[in-house]
file upload_4.pdb (PDB, C-alpha atoms, pLDDT in the B column)
ATOM      1  CA  ALA X  46     143.836  97.698  83.903  1.00 67.00           C
ATOM      2  CA  GLN X  47     143.473  93.989  84.250  1.00 76.00           C
ATOM      3  CA  SER X  48     140.545  92.004  82.906  1.00 86.00           C
ATOM      4  CA  VAL X  49     139.100  88.528  83.145  1.00 91.00           C
ATOM      5  CA  THR X  50     137.222  86.553  80.498  1.00 93.00           C
ATOM      6  CA  GLN X  51     135.258  83.445  81.300  1.00 94.00           C
ATOM      7  CA  LEU X  52     134.394  81.399  78.225  1.00 92.00           C
ATOM      8  CA  GLY X  53     130.848  80.118  78.371  1.00 91.00           C
ATOM      9  CA  SER X  54     128.156  81.627  80.533  1.00 92.00           C
ATOM     10  CA  HIS X  55     126.488  78.221  80.960  1.00 94.00           C
ATOM     11  CA  VAL X  56     128.020  74.768  81.120  1.00 96.00           C
ATOM     12  CA  SER X  57     126.097  71.511  81.413  1.00 97.00           C
ATOM     13  CA  VAL X  58     127.889  68.387  82.591  1.00 97.00           C
ATOM     14  CA  SER X  59     126.758  64.899  83.447  1.00 97.00           C
ATOM     15  CA  GLU X  60     127.219  63.603  86.943  1.00 97.00           C
ATOM     16  CA  GLY X  61     130.601  61.890  87.093  1.00 97.00           C
ATOM     17  CA  ALA X  62     131.987  63.707  84.066  1.00 97.00           C
ATOM     18  CA  LEU X  63     134.870  66.155  83.927  1.00 97.00           C
ATOM     19  CA  VAL X  64     134.126  69.750  84.832  1.00 97.00           C
ATOM     20  CA  LEU X  65     136.189  72.306  82.899  1.00 97.00           C
ATOM     21  CA  LEU X  66     135.616  76.033  83.329  1.00 98.00           C
ATOM     22  CA  ARG X  67     137.782  78.375  81.304  1.00 97.00           C
ATOM     23  CA  CYS X  68     139.263  81.634  82.476  1.00 96.00           C
ATOM     24  CA  ASN X  69     141.660  83.927  80.654  1.00 95.00           C
ATOM     25  CA  TYR X  70     143.101  87.113  82.042  1.00 92.00           C
ATOM     26  CA  SER X  71     145.020  90.096  80.846  1.00 88.00           C
ATOM     27  CA  SER X  72     147.621  91.611  83.079  1.00 78.00           C
ATOM     28  CA  SER X  73     150.694  93.763  82.769  1.00 71.00           C
ATOM     29  CA  VAL X  74     152.022  92.554  86.099  1.00 73.00           C
ATOM     30  CA  PRO X  75     152.217  89.104  87.717  1.00 74.00           C
ATOM     31  CA  PRO X  76     148.628  88.288  88.561  1.00 82.00           C
ATOM     32  CA  TYR X  77     147.025  86.892  91.640  1.00 88.00           C
ATOM     33  CA  LEU X  78     144.161  84.665  90.501  1.00 91.00           C
ATOM     34  CA  PHE X  79     141.143  83.278  92.310  1.00 94.00           C
ATOM     35  CA  TRP X  80     138.150  81.050  91.696  1.00 97.00           C
ATOM     36  CA  TYR X  81     134.948  81.525  93.665  1.00 97.00           C
ATOM     37  CA  VAL X  82     131.715  79.550  93.786  1.00 97.00           C
ATOM     38  CA  GLN X  83     128.281  81.018  94.452  1.00 95.00           C
ATOM     39  CA  TYR X  84     125.232  78.974  95.389  1.00 94.00           C
ATOM     40  CA  PRO X  85     121.773  80.522  94.903  1.00 89.00           C
ATOM     41  CA  ASN X  86     121.083  83.492  97.146  1.00 86.00           C
ATOM     42  CA  GLN X  87     124.410  83.196  98.901  1.00 91.00           C
ATOM     43  CA  GLY X  88     127.681  85.062  98.887  1.00 93.00           C
ATOM     44  CA  LEU X  89     130.782  83.936  97.045  1.00 94.00           C
ATOM     45  CA  GLN X  90     132.990  81.283  98.597  1.00 95.00           C
ATOM     46  CA  LEU X  91     136.676  80.967  97.796  1.00 95.00           C
ATOM     47  CA  LEU X  92     137.531  77.734  95.975  1.00 97.00           C
ATOM     48  CA  LEU X  93     141.239  78.296  95.438  1.00 95.00           C
ATOM     49  CA  LYS X  94     143.845  80.915  94.692  1.00 93.00           C
ATOM     50  CA  TYR X  95     147.132  81.271  92.867  1.00 91.00           C
ATOM     51  CA  THR X  96     149.682  83.751  94.108  1.00 85.00           C
ATOM     52  CA  THR X  97     153.201  82.441  93.481  1.00 81.00           C
ATOM     53  CA  GLY X  98     154.924  79.075  93.414  1.00 84.00           C
ATOM     54  CA  ALA X  99     153.331  75.882  92.166  1.00 86.00           C
ATOM     55  CA  THR X 100     151.198  76.506  89.100  1.00 90.00           C
ATOM     56  CA  LEU X 101     148.766  73.678  89.848  1.00 95.00           C
ATOM     57  CA  VAL X 102     146.593  74.763  92.729  1.00 95.00           C
ATOM     58  CA  LYS X 103     144.259  72.496  94.637  1.00 96.00           C
ATOM     59  CA  GLY X 104     141.163  73.833  96.302  1.00 95.00           C
ATOM     60  CA  ILE X 105     138.129  72.726  98.197  1.00 95.00           C
ATOM     61  CA  ASN X 106     135.485  70.265  97.000  1.00 94.00           C
ATOM     62  CA  GLY X 107     137.941  68.441  94.717  1.00 96.00           C
ATOM     63  CA  PHE X 108     138.567  71.401  92.389  1.00 97.00           C
ATOM     64  CA  GLU X 109     141.930  72.408  91.033  1.00 97.00           C
ATOM     65  CA  ALA X 110     143.241  75.023  88.635  1.00 97.00           C
ATOM     66  CA  GLU X 111     146.406  75.459  86.643  1.00 95.00           C
ATOM     67  CA  PHE X 112     148.092  78.776  86.031  1.00 94.00           C
ATOM     68  CA  LYS X 113     149.585  78.945  82.541  1.00 93.00           C
ATOM     69  CA  LYS X 114     151.439  82.179  82.042  1.00 90.00           C
ATOM     70  CA  SER X 115     152.125  81.555  78.347  1.00 90.00           C
ATOM     71  CA  GLU X 116     148.415  81.135  77.697  1.00 92.00           C
ATOM     72  CA  THR X 117     147.299  83.739  80.270  1.00 93.00           C
ATOM     73  CA  SER X 118     144.854  81.154  81.541  1.00 95.00           C
ATOM     74  CA  PHE X 119     143.646  79.821  84.864  1.00 96.00           C
ATOM     75  CA  HIS X 120     141.160  77.072  84.010  1.00 97.00           C
ATOM     76  CA  LEU X 121     139.241  75.292  86.759  1.00 98.00           C
ATOM     77  CA  THR X 122     138.720  71.534  86.661  1.00 98.00           C
ATOM     78  CA  LYS X 123     137.182  68.731  88.661  1.00 98.00           C
ATOM     79  CA  PRO X 124     137.596  65.136  87.495  1.00 97.00           C
ATOM     80  CA  SER X 125     134.129  63.946  88.440  1.00 97.00           C
ATOM     81  CA  ALA X 126     131.116  66.228  88.767  1.00 97.00           C
ATOM     82  CA  HIS X 127     128.706  65.860  91.634  1.00 96.00           C
ATOM     83  CA  MET X 128     125.161  67.155  91.809  1.00 96.00           C
ATOM     84  CA  SER X 129     126.263  69.521  94.567  1.00 96.00           C
ATOM     85  CA  ASP X 130     128.642  71.248  92.128  1.00 97.00           C
ATOM     86  CA  ALA X 131     125.689  72.974  90.463  1.00 97.00           C
ATOM     87  CA  ALA X 132     126.390  76.645  91.108  1.00 96.00           C
ATOM     88  CA  GLU X 133     127.861  79.747  89.509  1.00 95.00           C
ATOM     89  CA  TYR X 134     131.620  80.040  89.315  1.00 97.00           C
ATOM     90  CA  PHE X 135     133.622  83.239  89.100  1.00 96.00           C
ATOM     91  CA  CYS X 136     137.220  83.773  88.130  1.00 95.00           C
ATOM     92  CA  ALA X 137     138.899  86.858  89.570  1.00 92.00           C
ATOM     93  CA  VAL X 138     142.210  88.666  89.348  1.00 89.00           C
ATOM     94  CA  SER X 139     143.699  90.908  91.979  1.00 83.00           C
ATOM     95  CA  GLU X 140     145.105  94.119  90.632  1.00 70.00           C
ATOM     96  CA  GLY X 141     148.533  93.911  92.151  1.00 62.00           C
ATOM     97  CA  ASP X 142     149.334  97.446  91.107  1.00 56.00           C
ATOM     98  CA  SER X 143     146.235  98.787  92.828  1.00 56.00           C
ATOM     99  CA  TRP X 144     145.960  96.773  95.956  1.00 56.00           C
ATOM    100  CA  GLY X 145     142.686  95.571  97.299  1.00 63.00           C
ATOM    101  CA  LYS X 146     140.837  95.787  94.016  1.00 75.00           C
ATOM    102  CA  PHE X 147     139.610  92.701  92.230  1.00 85.00           C
ATOM    103  CA  GLN X 148     138.358  92.217  88.689  1.00 86.00           C
ATOM    104  CA  PHE X 149     135.742  89.479  88.300  1.00 91.00           C
ATOM    105  CA  GLY X 150     134.710  87.523  85.253  1.00 92.00           C
ATOM    106  CA  ALA X 151     131.056  87.440  84.238  1.00 92.00           C
ATOM    107  CA  GLY X 152     130.594  84.013  85.767  1.00 94.00           C
ATOM    108  CA  THR X 153     129.795  80.522  84.471  1.00 95.00           C
ATOM    109  CA  GLN X 154     126.630  78.753  85.540  1.00 95.00           C
ATOM    110  CA  VAL X 155     127.186  75.015  85.938  1.00 97.00           C
ATOM    111  CA  VAL X 156     124.293  72.594  85.602  1.00 97.00           C
ATOM    112  CA  VAL X 157     124.855  68.969  86.563  1.00 97.00           C
ATOM    113  CA  THR X 158     122.550  66.388  85.005  1.00 96.00           C
ATOM    114  CA  PRO X 159     122.013  62.895  86.422  1.00 94.00           C
TER     115      PRO X 159
ATOM    116  CA  SER O 186     138.150  82.962 113.227  1.00 87.00           C
ATOM    117  CA  GLN O 187     136.816  85.799 111.135  1.00 87.00           C
ATOM    118  CA  THR O 188     133.160  86.150 110.284  1.00 91.00           C
ATOM    119  CA  ILE O 189     131.178  88.655 108.277  1.00 95.00           C
ATOM    120  CA  HIS O 190     127.573  89.549 108.926  1.00 95.00           C
ATOM    121  CA  GLN O 191     125.330  91.285 106.466  1.00 96.00           C
ATOM    122  CA  TRP O 192     121.703  92.261 106.929  1.00 93.00           C
ATOM    123  CA  PRO O 193     118.939  92.214 106.048  1.00 94.00           C
ATOM    124  CA  ALA O 194     118.902  89.135 103.822  1.00 94.00           C
ATOM    125  CA  THR O 195     116.028  90.419 101.717  1.00 95.00           C
ATOM    126  CA  LEU O 196     114.460  93.823 101.305  1.00 97.00           C
ATOM    127  CA  VAL O 197     111.606  95.201  99.240  1.00 97.00           C
ATOM    128  CA  GLN O 198     111.502  98.975  99.008  1.00 97.00           C
ATOM    129  CA  PRO O 199     109.426 101.414  96.942  1.00 97.00           C
ATOM    130  CA  VAL O 200     111.032 103.801  94.497  1.00 97.00           C
ATOM    131  CA  GLY O 201     112.130 106.992  96.212  1.00 97.00           C
ATOM    132  CA  SER O 202     112.524 105.447  99.641  1.00 97.00           C
ATOM    133  CA  PRO O 203     115.813 105.487 101.578  1.00 97.00           C
ATOM    134  CA  LEU O 204     118.146 102.527 101.969  1.00 97.00           C
ATOM    135  CA  SER O 205     120.523 101.351 104.640  1.00 97.00           C
ATOM    136  CA  LEU O 206     122.395  98.061 104.431  1.00 97.00           C
ATOM    137  CA  GLU O 207     124.832  97.124 107.142  1.00 96.00           C
ATOM    138  CA  CYS O 208     127.854  94.875 107.251  1.00 97.00           C
ATOM    139  CA  THR O 209     130.111  94.008 110.153  1.00 97.00           C
ATOM    140  CA  VAL O 210     133.246  91.905 110.373  1.00 96.00           C
ATOM    141  CA  GLU O 211     134.434  90.067 113.445  1.00 95.00           C
ATOM    142  CA  GLY O 212     137.772  88.540 114.327  1.00 93.00           C
ATOM    143  CA  THR O 213     140.092  90.873 112.433  1.00 90.00           C
ATOM    144  CA  SER O 214     141.326  94.445 112.677  1.00 89.00           C
ATOM    145  CA  ASN O 215     141.555  97.157 110.039  1.00 90.00           C
ATOM    146  CA  PRO O 216     140.210  95.066 107.169  1.00 91.00           C
ATOM    147  CA  ASN O 217     139.649  96.352 103.668  1.00 90.00           C
ATOM    148  CA  LEU O 218     135.887  96.493 103.179  1.00 93.00           C
ATOM    149  CA  TYR O 219     133.922  96.336  99.946  1.00 93.00           C
ATOM    150  CA  TRP O 220     130.404  96.691  98.587  1.00 94.00           C
ATOM    151  CA  TYR O 221     129.594  94.827  95.374  1.00 94.00           C
ATOM    152  CA  ARG O 222     126.360  94.661  93.410  1.00 94.00           C
ATOM    153  CA  GLN O 223     125.289  91.716  91.338  1.00 91.00           C
ATOM    154  CA  ALA O 224     122.460  92.446  88.914  1.00 81.00           C
ATOM    155  CA  ALA O 225     120.436  89.609  87.432  1.00 72.00           C
ATOM    156  CA  GLY O 226     122.493  87.677  84.884  1.00 67.00           C
ATOM    157  CA  ARG O 227     125.507  89.891  85.321  1.00 72.00           C
ATOM    158  CA  GLY O 228     128.797  89.673  87.118  1.00 81.00           C
ATOM    159  CA  LEU O 229     129.964  91.561  90.149  1.00 90.00           C
ATOM    160  CA  GLN O 230     130.257  95.316  90.078  1.00 89.00           C
ATOM    161  CA  LEU O 231     132.435  97.004  92.666  1.00 89.00           C
ATOM    162  CA  LEU O 232     130.573  99.925  94.187  1.00 92.00           C
ATOM    163  CA  PHE O 233     132.745 101.104  97.069  1.00 92.00           C
ATOM    164  CA  TYR O 234     135.815 100.060  98.964  1.00 90.00           C
ATOM    165  CA  SER O 235     137.361 101.301 102.159  1.00 91.00           C
ATOM    166  CA  VAL O 236     140.842 100.964 103.567  1.00 88.00           C
ATOM    167  CA  GLY O 237     140.081 102.557 106.920  1.00 90.00           C
ATOM    168  CA  ILE O 238     137.585 104.459 109.051  1.00 93.00           C
ATOM    169  CA  GLY O 239     136.124 107.346 107.100  1.00 90.00           C
ATOM    170  CA  GLN O 240     138.084 106.423 103.956  1.00 90.00           C
ATOM    171  CA  ILE O 241     135.740 105.533 101.126  1.00 91.00           C
ATOM    172  CA  SER O 242     136.493 105.149  97.440  1.00 88.00           C
ATOM    173  CA  SER O 243     133.666 105.117  94.932  1.00 87.00           C
ATOM    174  CA  GLU O 244     133.974 103.126  91.762  1.00 83.00           C
ATOM    175  CA  VAL O 245     130.693 103.911  90.069  1.00 80.00           C
ATOM    176  CA  PRO O 246     128.890 107.282  90.165  1.00 65.00           C
ATOM    177  CA  GLN O 247     125.312 106.711  91.256  1.00 79.00           C
ATOM    178  CA  ASN O 248     122.805 107.582  93.925  1.00 90.00           C
ATOM    179  CA  LEU O 249     124.389 105.234  96.459  1.00 95.00           C
ATOM    180  CA  SER O 250     126.848 106.174  99.172  1.00 95.00           C
ATOM    181  CA  ALA O 251     128.902 104.262 101.710  1.00 96.00           C
ATOM    182  CA  SER O 252     130.224 105.010 105.148  1.00 96.00           C
ATOM    183  CA  ARG O 253     132.578 103.359 107.584  1.00 96.00           C
ATOM    184  CA  PRO O 254     131.841 104.750 111.031  1.00 95.00           C
ATOM    185  CA  GLN O 255     133.800 102.043 112.848  1.00 95.00           C
ATOM    186  CA  ASP O 256     136.768  99.880 111.937  1.00 95.00           C
ATOM    187  CA  ARG O 257     134.703  96.793 111.159  1.00 95.00           C
ATOM    188  CA  GLN O 258     131.408  98.344 110.096  1.00 96.00           C
ATOM    189  CA  PHE O 259     130.479  99.257 106.550  1.00 97.00           C
ATOM    190  CA  ILE O 260     127.159 100.810 105.582  1.00 97.00           C
ATOM    191  CA  LEU O 261     125.589 101.239 102.152  1.00 97.00           C
ATOM    192  CA  SER O 262     122.971 103.960 101.851  1.00 96.00           C
ATOM    193  CA  SER O 263     120.731 105.776  99.475  1.00 96.00           C
ATOM    194  CA  LYS O 264     118.473 108.774 100.009  1.00 96.00           C
ATOM    195  CA  LYS O 265     116.107 107.845  97.173  1.00 96.00           C
ATOM    196  CA  LEU O 266     116.083 104.425  95.562  1.00 96.00           C
ATOM    197  CA  LEU O 267     115.675 103.925  91.817  1.00 95.00           C
ATOM    198  CA  LEU O 268     114.281 100.879  90.059  1.00 94.00           C
ATOM    199  CA  SER O 269     117.764 100.251  88.690  1.00 91.00           C
ATOM    200  CA  ASP O 270     119.089  99.824  92.229  1.00 93.00           C
ATOM    201  CA  SER O 271     117.496  96.392  92.420  1.00 93.00           C
ATOM    202  CA  GLY O 272     120.013  93.609  92.749  1.00 93.00           C
ATOM    203  CA  PHE O 273     122.009  91.421  95.047  1.00 94.00           C
ATOM    204  CA  TYR O 274     124.344  93.416  97.278  1.00 96.00           C
ATOM    205  CA  LEU O 275     127.400  91.761  98.690  1.00 96.00           C
ATOM    206  CA  CYS O 276     129.713  92.991 101.398  1.00 97.00           C
ATOM    207  CA  ALA O 277     133.245  91.610 101.527  1.00 95.00           C
ATOM    208  CA  TRP O 278     136.465  92.041 103.448  1.00 93.00           C
ATOM    209  CA  SER O 279     140.118  91.287 102.907  1.00 90.00           C
ATOM    210  CA  VAL O 280     143.305  91.576 104.937  1.00 84.00           C
ATOM    211  CA  GLU O 281     144.695  95.078 104.799  1.00 64.00           C
ATOM    212  CA  VAL O 282     147.548  95.837 102.449  1.00 60.00           C
ATOM    213  CA  SER O 283     147.868  92.391 100.949  1.00 63.00           C
ATOM    214  CA  TYR O 284     147.799  91.998  97.203  1.00 63.00           C
ATOM    215  CA  ASN O 285     147.132  88.295  97.328  1.00 72.00           C
ATOM    216  CA  SER O 286     144.619  88.196 100.124  1.00 80.00           C
ATOM    217  CA  PRO O 287     141.283  86.843  98.870  1.00 88.00           C
ATOM    218  CA  LEU O 288     137.947  88.489  99.417  1.00 91.00           C
ATOM    219  CA  HIS O 289     135.612  86.986 102.000  1.00 93.00           C
ATOM    220  CA  PHE O 290     131.954  87.594 101.266  1.00 95.00           C
ATOM    221  CA  GLY O 291     128.851  87.935 103.357  1.00 96.00           C
ATOM    222  CA  ASN O 292     125.658  86.147 102.403  1.00 95.00           C
ATOM    223  CA  GLY O 293     124.275  89.140 100.577  1.00 95.00           C
ATOM    224  CA  THR O 294     121.111  91.243 100.579  1.00 96.00           C
ATOM    225  CA  ARG O 295     118.507  90.772  97.872  1.00 95.00           C
ATOM    226  CA  LEU O 296     117.060  94.230  97.203  1.00 95.00           C
ATOM    227  CA  THR O 297     113.943  94.651  95.122  1.00 96.00           C
ATOM    228  CA  VAL O 298     112.856  98.176  94.336  1.00 96.00           C
ATOM    229  CA  THR O 299     109.196  98.367  93.306  1.00 97.00           C
TER     230      THR O 299
END

call {"tool": "encode", "arguments": {"input": "upload_4.pdb", "output": "structure tokens"}}
result
Amino acid sequence: AQSVTQLGSHVSVSEGALVLLRCNYSSSVPPYLFWYVQYPNQGLQLLLKYTTGATLVKGINGFEAEFKKSETSFHLTKPSAHMSDAAEYFCAVSEGDSWGKFQFGAGTQVVVTP
Amino acid sequence: SQTIHQWPATLVQPVGSPLSLECTVEGTSNPNLYWYRQAAGRGLQLLFYSVGIGQISSEVPQNLSASRPQDRQFILSSKKLLLSDSGFYLCAWSVEVSYNSPLHFGNGTRLTVT
């Protein structure tokens, strides 16, 4: 079975600073990887996904993530944090050998300070 | 375009009472449908998924059940709620038979069992 580990349950960043959220996965097959964002009392919204091809993936709201197979990582970054980026972020992997099932990380809460 | 509707948004129910949460998807046919639960401070737990009408797979044994009476309708039920059933319930859909298709979430139902 595949698994996802998000390092850091809470991250505090200053407005304008780099946002870096770490995600590592374990997989015995080529993974399909996703980042989601969740605002309070709302569902999860897809930020970006990696399936095949280019390892640097750009998403919405200025976020991007890089798939590094050698490091089994899929870290999410944004060069300059905005107050509206305060939310919870989830990394997820699709179990390609058991279609339709996703494994989510525990989530990282991002706080943006002025 | 596809949309997902989930209701009610909030619900307060006494212990031992029944539960019915409903989710419908518009703009797509034969989607995969999912019920997730998000407990306070925890990640997402897959409860049920469905690949077609009447086809339900349970991931976690508990006092909840799910049904799919129509192609784009997914219902989460309980005959008698427990305190531990409190949480944020999320319905989601994805394109059928597609390993790399992301999940699309509804806005969730906040259930408080008192």

call {"tool": "axis_aligned_box", "arguments": {"input": "upload_4.pdb", "around": "segment 95-98 of chain X", "padding_each_side": "5 Å", "output": "AutoDock Vina command-line options"}}
result
--center_x 151.0 --center_y 81.4 --center_z 93.5 --size_x 17.8 --size_y 14.7 --size_z 11.2

call {"tool": "closest_atom_pairs", "arguments": {"input": "upload_4.pdb", "of": "chain X", "to": "chain O", "cutoff": "10 Å", "atoms": "only C-alpha atoms", "output": "CSV"}}
result
residue,atom,partner,partner_atom,distance
X:Ser54,CA,O:Gly226,CA,9.4
X:Pro76,CA,O:Asn285,CA,8.9
X:Tyr77,CA,O:Asn285,CA,5.9
X:Leu78,CA,O:Asn285,CA,8.3
X:Phe79,CA,O:Pro287,CA,7.5
X:Trp80,CA,O:Pro287,CA,9.7
X:Tyr81,CA,O:Leu288,CA,9.5
X:Gln83,CA,O:Asn292,CA,9.8
X:Asn86,CA,O:Gly293,CA,7.3
X:Gln87,CA,O:Asn292,CA,4.7
X:Gly88,CA,O:Asn292,CA,4.2
X:Leu89,CA,O:Phe290,CA,5.7
X:Gln90,CA,O:Phe290,CA,6.9
X:Leu91,CA,O:His289,CA,7.4
X:Leu93,CA,O:Pro287,CA,9.2
X:Lys94,CA,O:Pro287,CA,7.7
X:Tyr95,CA,O:Asn285,CA,8.3
X:Thr96,CA,O:Asn285,CA,6.1
X:Thr97,CA,O:Asn285,CA,9.3
X:Phe135,CA,O:Gly228,CA,8.3
X:Ala137,CA,O:Pro287,CA,9.6
X:Val138,CA,O:Asn285,CA,9.4
X:Ser139,CA,O:Tyr284,CA,6.7
X:Glu140,CA,O:Tyr284,CA,7.4
X:Gly141,CA,O:Tyr284,CA,5.5
X:Asp142,CA,O:Tyr284,CA,8.3
X:Ser143,CA,O:Tyr284,CA,8.2
X:Trp144,CA,O:Tyr284,CA,5.3
X:Gly145,CA,O:Tyr284,CA,6.2
X:Lys146,CA,O:Tyr234,CA,8.2
X:Phe147,CA,O:Leu231,CA,8.4
X:Gln148,CA,O:Leu229,CA,8.5
X:Phe149,CA,O:Leu229,CA,6.4
X:Gly150,CA,O:Gly228,CA,6.6
X:Ala151,CA,O:Gly228,CA,4.3
X:Gly152,CA,O:Gly228,CA,6.1
X:Thr153,CA,O:Gly228,CA,9.6
X:Gln154,CA,O:Gly226,CA,9.9

call {"tool": "write_last_selection", "arguments": {"input": "upload_4.pdb", "atoms": "C-alpha atoms", "output": "mmCIF file, in the frame of the given file"}}
result
data_model
loop_
_atom_site.group_PDB
_atom_site.id
_atom_site.type_symbol
_atom_site.label_atom_id
_atom_site.label_comp_id
_atom_site.auth_asym_id
_atom_site.auth_seq_id
_atom_site.Cartn_x
_atom_site.Cartn_y
_atom_site.Cartn_z
ATOM 1 C CA SER X 54 128.156 81.627 80.533
ATOM 2 C CA PRO X 76 148.628 88.288 88.561
ATOM 3 C CA TYR X 77 147.025 86.892 91.640
ATOM 4 C CA LEU X 78 144.161 84.665 90.501
ATOM 5 C CA PHE X 79 141.143 83.278 92.310
ATOM 6 C CA TRP X 80 138.150 81.050 91.696
ATOM 7 C CA TYR X 81 134.948 81.525 93.665
ATOM 8 C CA GLN X 83 128.281 81.018 94.452
ATOM 9 C CA ASN X 86 121.083 83.492 97.146
ATOM 10 C CA GLN X 87 124.410 83.196 98.901
ATOM 11 C CA GLY X 88 127.681 85.062 98.887
ATOM 12 C CA LEU X 89 130.782 83.936 97.045
ATOM 13 C CA GLN X 90 132.990 81.283 98.597
ATOM 14 C CA LEU X 91 136.676 80.967 97.796
ATOM 15 C CA LEU X 93 141.239 78.296 95.438
ATOM 16 C CA LYS X 94 143.845 80.915 94.692
ATOM 17 C CA TYR X 95 147.132 81.271 92.867
ATOM 18 C CA THR X 96 149.682 83.751 94.108
ATOM 19 C CA THR X 97 153.201 82.441 93.481
ATOM 20 C CA PHE X 135 133.622 83.239 89.100
ATOM 21 C CA ALA X 137 138.899 86.858 89.570
ATOM 22 C CA VAL X 138 142.210 88.666 89.348
ATOM 23 C CA SER X 139 143.699 90.908 91.979
ATOM 24 C CA GLU X 140 145.105 94.119 90.632
ATOM 25 C CA GLY X 141 148.533 93.911 92.151
ATOM 26 C CA ASP X 142 149.334 97.446 91.107
ATOM 27 C CA SER X 143 146.235 98.787 92.828
ATOM 28 C CA TRP X 144 145.960 96.773 95.956
ATOM 29 C CA GLY X 145 142.686 95.571 97.299
ATOM 30 C CA LYS X 146 140.837 95.787 94.016
ATOM 31 C CA PHE X 147 139.610 92.701 92.230
ATOM 32 C CA GLN X 148 138.358 92.217 88.689
ATOM 33 C CA PHE X 149 135.742 89.479 88.300
ATOM 34 C CA GLY X 150 134.710 87.523 85.253
ATOM 35 C CA ALA X 151 131.056 87.440 84.238
ATOM 36 C CA GLY X 152 130.594 84.013 85.767
ATOM 37 C CA THR X 153 129.795 80.522 84.471
ATOM 38 C CA GLN X 154 126.630 78.753 85.540
#

call {"tool": "resolve_selection", "arguments": {"input": "upload_4.pdb", "expression": "the PyMOL selection byres ((chain X and resi 66) around 10)", "output": "ChimeraX atom specification"}}
result
/X:51-56,63-65,67-68,110,119-123,134-136,152-155

call {"tool": "write_last_selection", "arguments": {"input": "upload_4.pdb", "atoms": "C-alpha atoms", "output": "short mmCIF file (atom, residue, chain, number, x, y, z; two decimals), keeping the file's coordinate frame"}}
result
data_model
loop_
_atom_site.label_atom_id
_atom_site.label_comp_id
_atom_site.auth_asym_id
_atom_site.auth_seq_id
_atom_site.Cartn_x
_atom_site.Cartn_y
_atom_site.Cartn_z
CA GLN X 51 135.26 83.44 81.30
CA LEU X 52 134.39 81.40 78.22
CA GLY X 53 130.85 80.12 78.37
CA SER X 54 128.16 81.63 80.53
CA HIS X 55 126.49 78.22 80.96
CA VAL X 56 128.02 74.77 81.12
CA LEU X 63 134.87 66.16 83.93
CA VAL X 64 134.13 69.75 84.83
CA LEU X 65 136.19 72.31 82.90
CA ARG X 67 137.78 78.38 81.30
CA CYS X 68 139.26 81.63 82.48
CA ALA X 110 143.24 75.02 88.64
CA PHE X 119 143.65 79.82 84.86
CA HIS X 120 141.16 77.07 84.01
CA LEU X 121 139.24 75.29 86.76
CA THR X 122 138.72 71.53 86.66
CA LYS X 123 137.18 68.73 88.66
CA TYR X 134 131.62 80.04 89.32
CA PHE X 135 133.62 83.24 89.10
CA CYS X 136 137.22 83.77 88.13
CA GLY X 152 130.59 84.01 85.77
CA THR X 153 129.79 80.52 84.47
CA GLN X 154 126.63 78.75 85.54
CA VAL X 155 127.19 75.02 85.94
#

call {"tool": "residues_around", "arguments": {"input": "upload_4.pdb", "residues": "Val58 of chain X", "least_positions_apart": "5", "cutoff": "7 Å", "atoms": "all atoms listed in the file", "output": "PyMOL selection string"}}
result
chain X and resi 64+156-158

call {"tool": "resolve_selection", "arguments": {"input": "upload_4.pdb", "expression": "the PyMOL selection byres ((chain X and resi 127) around 8)", "output": "PyMOL selection string"}}
result
chain X and resi 60-61+125-126+128-131+157

call {"tool": "write_last_selection", "arguments": {"input": "upload_4.pdb", "atoms": "C-alpha atoms", "output": "PDB file, in the coordinates of the input"}}
result
ATOM      1  CA  GLU X  60     127.219  63.603  86.943  1.00 97.00           C
ATOM      2  CA  GLY X  61     130.601  61.890  87.093  1.00 97.00           C
ATOM      3  CA  SER X 125     134.129  63.946  88.440  1.00 97.00           C
ATOM      4  CA  ALA X 126     131.116  66.228  88.767  1.00 97.00           C
ATOM      5  CA  MET X 128     125.161  67.155  91.809  1.00 96.00           C
ATOM      6  CA  SER X 129     126.263  69.521  94.567  1.00 96.00           C
ATOM      7  CA  ASP X 130     128.642  71.248  92.128  1.00 97.00           C
ATOM      8  CA  ALA X 131     125.689  72.974  90.463  1.00 97.00           C
ATOM      9  CA  VAL X 157     124.855  68.969  86.563  1.00 97.00           C
TER      10      VAL X 157
END

call {"tool": "atom_distance", "arguments": {"input": "upload_4.pdb", "atom1": "atom CA of Gln47 of chain X", "atom2": "atom CA of Ala251 of chain O"}}
result
25.0 Å

call {"tool": "residues_around", "arguments": {"input": "upload_4.pdb", "residues": "Phe233 of chain O", "least_positions_apart": "2", "cutoff": "6 Å", "atoms": "only C-alpha atoms", "output": "JSON, numbers by chain"}}
result
{"O": [219, 220, 242, 243, 244]}

call {"tool": "write_last_selection", "arguments": {"input": "upload_4.pdb", "atoms": "C-alpha atoms", "output": "PDB file, in the frame of the given file"}}
result
ATOM      1  CA  TYR O 219     133.922  96.336  99.946  1.00 93.00           C
ATOM      2  CA  TRP O 220     130.404  96.691  98.587  1.00 94.00           C
ATOM      3  CA  SER O 242     136.493 105.149  97.440  1.00 88.00           C
ATOM      4  CA  SER O 243     133.666 105.117  94.932  1.00 87.00           C
ATOM      5  CA  GLU O 244     133.974 103.126  91.762  1.00 83.00           C
TER       6      GLU O 244
END
